[in-house]
Amino acid sequence: MSASAGETTLLRWRIVIPFLLTGMIWGSTWWVITDQIDGAAPSWSVAVRFAIATPAMFLLARVMGRSLAIGGNGHILAIAIGIAQFCANFNFVYRAELHLTSGIVAVMFTMLIVSNAAFGWWLLGQRITRGFVVGTVVALSGIALLLIHEAGLNPLGGSIPLGILWAVFGILAASIANVVQANETGRALPMVSLLAWAMLYGTIADFALAWFTAGPPQLPDRQSFWLGIGWLALAGSVVTFPLHYTLVREIGAGRAAYNGIVTVIVAMLLSTLFEDYRWTTQTVIGAVLALIGLVIALRARQAPPPALKQAA
């Protein structure tokens with residue numbers, strides 16, 4: 001095998017493995033969250049998750065040889081990302097899953113690219129193409145069919161409109177984090193270091209919010225809860241972010257976002273297996289339209305979306 005052929009093979013595996021792994025892990029996190037909000041205040045589940053993830057991310061930065069010195073502007077940026085991404089976004093997501101099945105929330109979050117594009121156009125001057133708009137309309141049509149079906153079943157006994165509202169707030173919070181980290185200060189900093197500090201500030205905000213909204217922590221002692229915390233903190237937060245940014249560097253942020261398709265497939269499969277999600281002709285059409293619209297929107301996007309992607 002020639003050197004060039006070996007390099008091509010290496011590049012292919014360097015892309016395929018992180019691509020599939022991040023998609024599968026992020027797909028599983030949506031379902032794991034359902035156990036985290038069973039008998040525990042959502043805000044405390046979020047706070048404990050990132051209390052574990054934060055020191056692990058700092059350790060990862062040091063193992064990778066990244067400097068933790070990010071300067072004054074870097075810390076201001078990290079505070080903004082931490083509050084938006086690791087506090088607001090995740091608190092909204094956990095609350096959304098009190099009312100909607102995990103697979104539906106995962107499908108809704110594919111529309112993160114829409115709010116990213118809107119904020120990117122408004123704040124960064126990024127162009128939105130006609131194809132992107134067409135894909136967005138197709139995807140939203142599919143999501144609407146899924147939500148109409150969900151409203152008819154209401155399997156969790158909660159409020160579908162409230163679940164949708166929490167999910168939309170979560171998408172907007174994640175998009176704000178996406179856009180603000182894409183400024184000149186953010187691009188100049190090591191991503192792992194920026195994420196470590198952002199997680200720290202987000203965790204501080206998580207604990208303050210949890211104490212204010214739910215009082216002292218009262219957490220379940222069942223094994224599944226703590227195993228889930230470990231999976232979400234280490235696999236769903238610390239492992240996947242560096243893998244995702246490897247993809248961004250190798251193939252660009254737009255193509256890297258295709259792992260959202262893998263995420264949705266895994267999330268809907270787990271929701272079917274463990275949450276008794278019922279497929280009908282309407283939901284199949286809705287899911288297919290959502291995925292087709294996502295592909296059209298991503299392929300049509302001219303300017304690359306901001307690098308920081310939501311993970312549950």
# chains A, B, ... in the order shown; residues from 1 in each chain; ligands from 1

$ closest_atom_pairs --of "segment 35-124 of chain A" --to "segment 24-31 of chain A" --cutoff "8 Å" --atoms "only C-alpha atoms" --output "CSV"
residue,atom,partner,partner_atom,distance
A:Asp35,CA,A:Trp31,CA,7.6
A:Ser102,CA,A:Trp30,CA,5.2
A:Gly103,CA,A:Trp30,CA,7.0
A:Val105,CA,A:Trp30,CA,7.8
A:Ala106,CA,A:Trp30,CA,6.7

$ closest_atom_pairs --of "segment 136-198 of chain A" --to "segment 51-55 of chain A" --cutoff "10 Å" --atoms "only C-alpha atoms" --output "CSV"
residue,atom,partner,partner_atom,distance
A:Leu195,CA,A:Thr54,CA,8.8
A:Ala196,CA,A:Thr54,CA,6.1
A:Trp197,CA,A:Thr54,CA,8.0
A:Ala198,CA,A:Thr54,CA,8.8

$ residues_around --residues "segment 279-294 of chain A" --least-positions-apart "6" --cutoff "6 Å" --atoms "only C-alpha atoms" --output "PyMOL selection string"
chain A and resi 135-136+138-139+142-143+145-146

$ closest_residue --among "A:His149, A:Arg62, A:Arg222, A:Arg187" --to "Ile104 of chain A" --atoms "only C-alpha atoms"
A:His149

$ residues_around --residues "Ala173 of chain A" --least-positions-apart "2" --cutoff "7 Å" --atoms "only C-alpha atoms" --output "list in words"
Ala84, Gln85, Ala88, Asn89, Phe169, Gly170, Ile171, Ser175, Ile176 and Ala177 of chain A

$ write_last_selection --atoms "all heavy atoms" --output "short mmCIF file (atom, residue, chain, number, x, y, z; two decimals), in the first residue's frame"
data_model
loop_
_atom_site.label_atom_id
_atom_site.label_comp_id
_atom_site.auth_asym_id
_atom_site.auth_seq_id
_atom_site.Cartn_x
_atom_site.Cartn_y
_atom_site.Cartn_z
N ALA A 84 -25.47 30.05 28.58
CA ALA A 84 -26.39 29.72 27.50
C ALA A 84 -26.43 28.22 27.21
O ALA A 84 -27.51 27.61 27.11
CB ALA A 84 -26.01 30.49 26.23
N GLN A 85 -25.24 27.61 27.07
CA GLN A 85 -25.17 26.21 26.64
C GLN A 85 -25.37 25.23 27.78
O GLN A 85 -26.22 24.34 27.72
CB GLN A 85 -23.81 25.95 25.98
CG GLN A 85 -23.63 24.53 25.46
CD GLN A 85 -24.19 24.36 24.07
OE1 GLN A 85 -23.87 25.13 23.16
NE2 GLN A 85 -25.04 23.37 23.88
N ALA A 88 -28.78 27.17 30.64
CA ALA A 88 -30.11 27.40 30.08
C ALA A 88 -30.53 26.28 29.13
O ALA A 88 -31.62 25.70 29.27
CB ALA A 88 -30.14 28.74 29.35
N ASN A 89 -29.68 25.94 28.18
CA ASN A 89 -30.03 24.94 27.18
C ASN A 89 -30.41 23.61 27.82
O ASN A 89 -31.48 23.05 27.55
CB ASN A 89 -28.86 24.75 26.21
CG ASN A 89 -29.03 23.52 25.35
OD1 ASN A 89 -30.02 23.36 24.65
ND2 ASN A 89 -28.07 22.63 25.42
N PHE A 169 -37.09 27.06 23.62
CA PHE A 169 -36.18 27.85 24.44
C PHE A 169 -34.79 27.20 24.48
O PHE A 169 -33.76 27.89 24.44
CB PHE A 169 -36.73 28.01 25.85
CG PHE A 169 -37.83 29.02 25.98
CD1 PHE A 169 -38.65 29.03 27.10
CD2 PHE A 169 -38.06 29.96 24.99
CE1 PHE A 169 -39.69 29.96 27.23
CE2 PHE A 169 -39.09 30.89 25.10
CZ PHE A 169 -39.89 30.90 26.22
N GLY A 170 -34.77 25.87 24.58
CA GLY A 170 -33.49 25.18 24.59
C GLY A 170 -32.73 25.35 23.29
O GLY A 170 -31.50 25.55 23.29
N ILE A 171 -33.44 25.28 22.18
CA ILE A 171 -32.82 25.48 20.87
C ILE A 171 -32.24 26.89 20.76
O ILE A 171 -31.10 27.07 20.29
CB ILE A 171 -33.85 25.23 19.75
CG1 ILE A 171 -34.22 23.74 19.70
CG2 ILE A 171 -33.30 25.67 18.40
CD1 ILE A 171 -35.41 23.44 18.81
N SER A 175 -28.35 27.99 20.33
CA SER A 175 -27.94 28.79 19.18
C SER A 175 -27.15 30.03 19.61
O SER A 175 -26.19 30.41 18.95
CB SER A 175 -29.16 29.22 18.37
OG SER A 175 -29.65 28.16 17.60
N ILE A 176 -27.59 30.65 20.70
CA ILE A 176 -26.84 31.80 21.20
C ILE A 176 -25.41 31.39 21.52
O ILE A 176 -24.44 32.08 21.16
CB ILE A 176 -27.53 32.38 22.44
CG1 ILE A 176 -28.85 33.04 22.04
CG2 ILE A 176 -26.63 33.40 23.14
CD1 ILE A 176 -29.71 33.47 23.21
N ALA A 177 -25.25 30.22 22.16
CA ALA A 177 -23.90 29.73 22.46
C ALA A 177 -23.13 29.45 21.18
O ALA A 177 -21.93 29.74 21.08
CB ALA A 177 -23.98 28.47 23.32
#

$ residues_around --residues "Pro42 of chain A" --least-positions-apart "6" --cutoff "7 Å" --atoms "only C-alpha atoms" --output "MDAnalysis selection string"
chainID A and resid 91 94:95

$ residues_around --residues "Ser271 of chain A" --least-positions-apart "2" --cutoff "8 Å" --atoms "only C-alpha atoms" --output "list in words"
Trp31, Thr101, Ser102, Gly103, Ala267, Met268, Leu269, Leu273, Phe274, Glu275, Asp276 and Tyr277 of chain A

$ closest_residue --among "A:Val264, A:Leu194, A:Ala210, A:Leu165" --to "Ser67 of chain A" --atoms "only C-alpha atoms"
A:Leu194

$ residues_around --residues "Gly186 of chain A" --least-positions-apart "6" --cutoff "9 Å" --atoms "only C-alpha atoms" --output "count of residues only"
5

$ atom_distance --atom1 "atom CA of Ser159 of chain A" --atom2 "atom CA of Thr110 of chain A"
21.4 Å

$ select_by_dssp --residues "segment 32-237 of chain A" --states "helix (DSSP H, G or I)" --output "ChimeraX atom specification"
/A:32-36,42-63,71-96,102-124,130-153,160-180,184-187,191-214,223-237

$ closest_residue --among "A:Leu21, A:Ile204, A:Ala174, A:Leu60" --to "Gly260 of chain A" --atoms "only C-alpha atoms"
A:Leu21

$ closest_residue --among "A:Phe58, A:Gly23, A:Ile261, A:Arg12" --to "Ala235 of chain A" --atoms "only C-alpha atoms"
A:Gly23

$ closest_residue --among "A:Cys87, A:Ile81, A:Val266, A:Val48" --to "Ile229 of chain A" --atoms "only C-alpha atoms"
A:Val48

$ atom_distance --atom1 "atom CA of Val107 of chain A" --atom2 "atom CA of Asn178 of chain A"
18.6 Å

$ closest_residue --among "A:Phe132, A:Trp13, A:Phe119, A:Phe90" --to "Ala47 of chain A" --atoms "only C-alpha atoms"
A:Phe90

$ atom_distance --atom1 "atom CA of Leu209 of chain A" --atom2 "atom CA of Leu232 of chain A"
19.5 Å
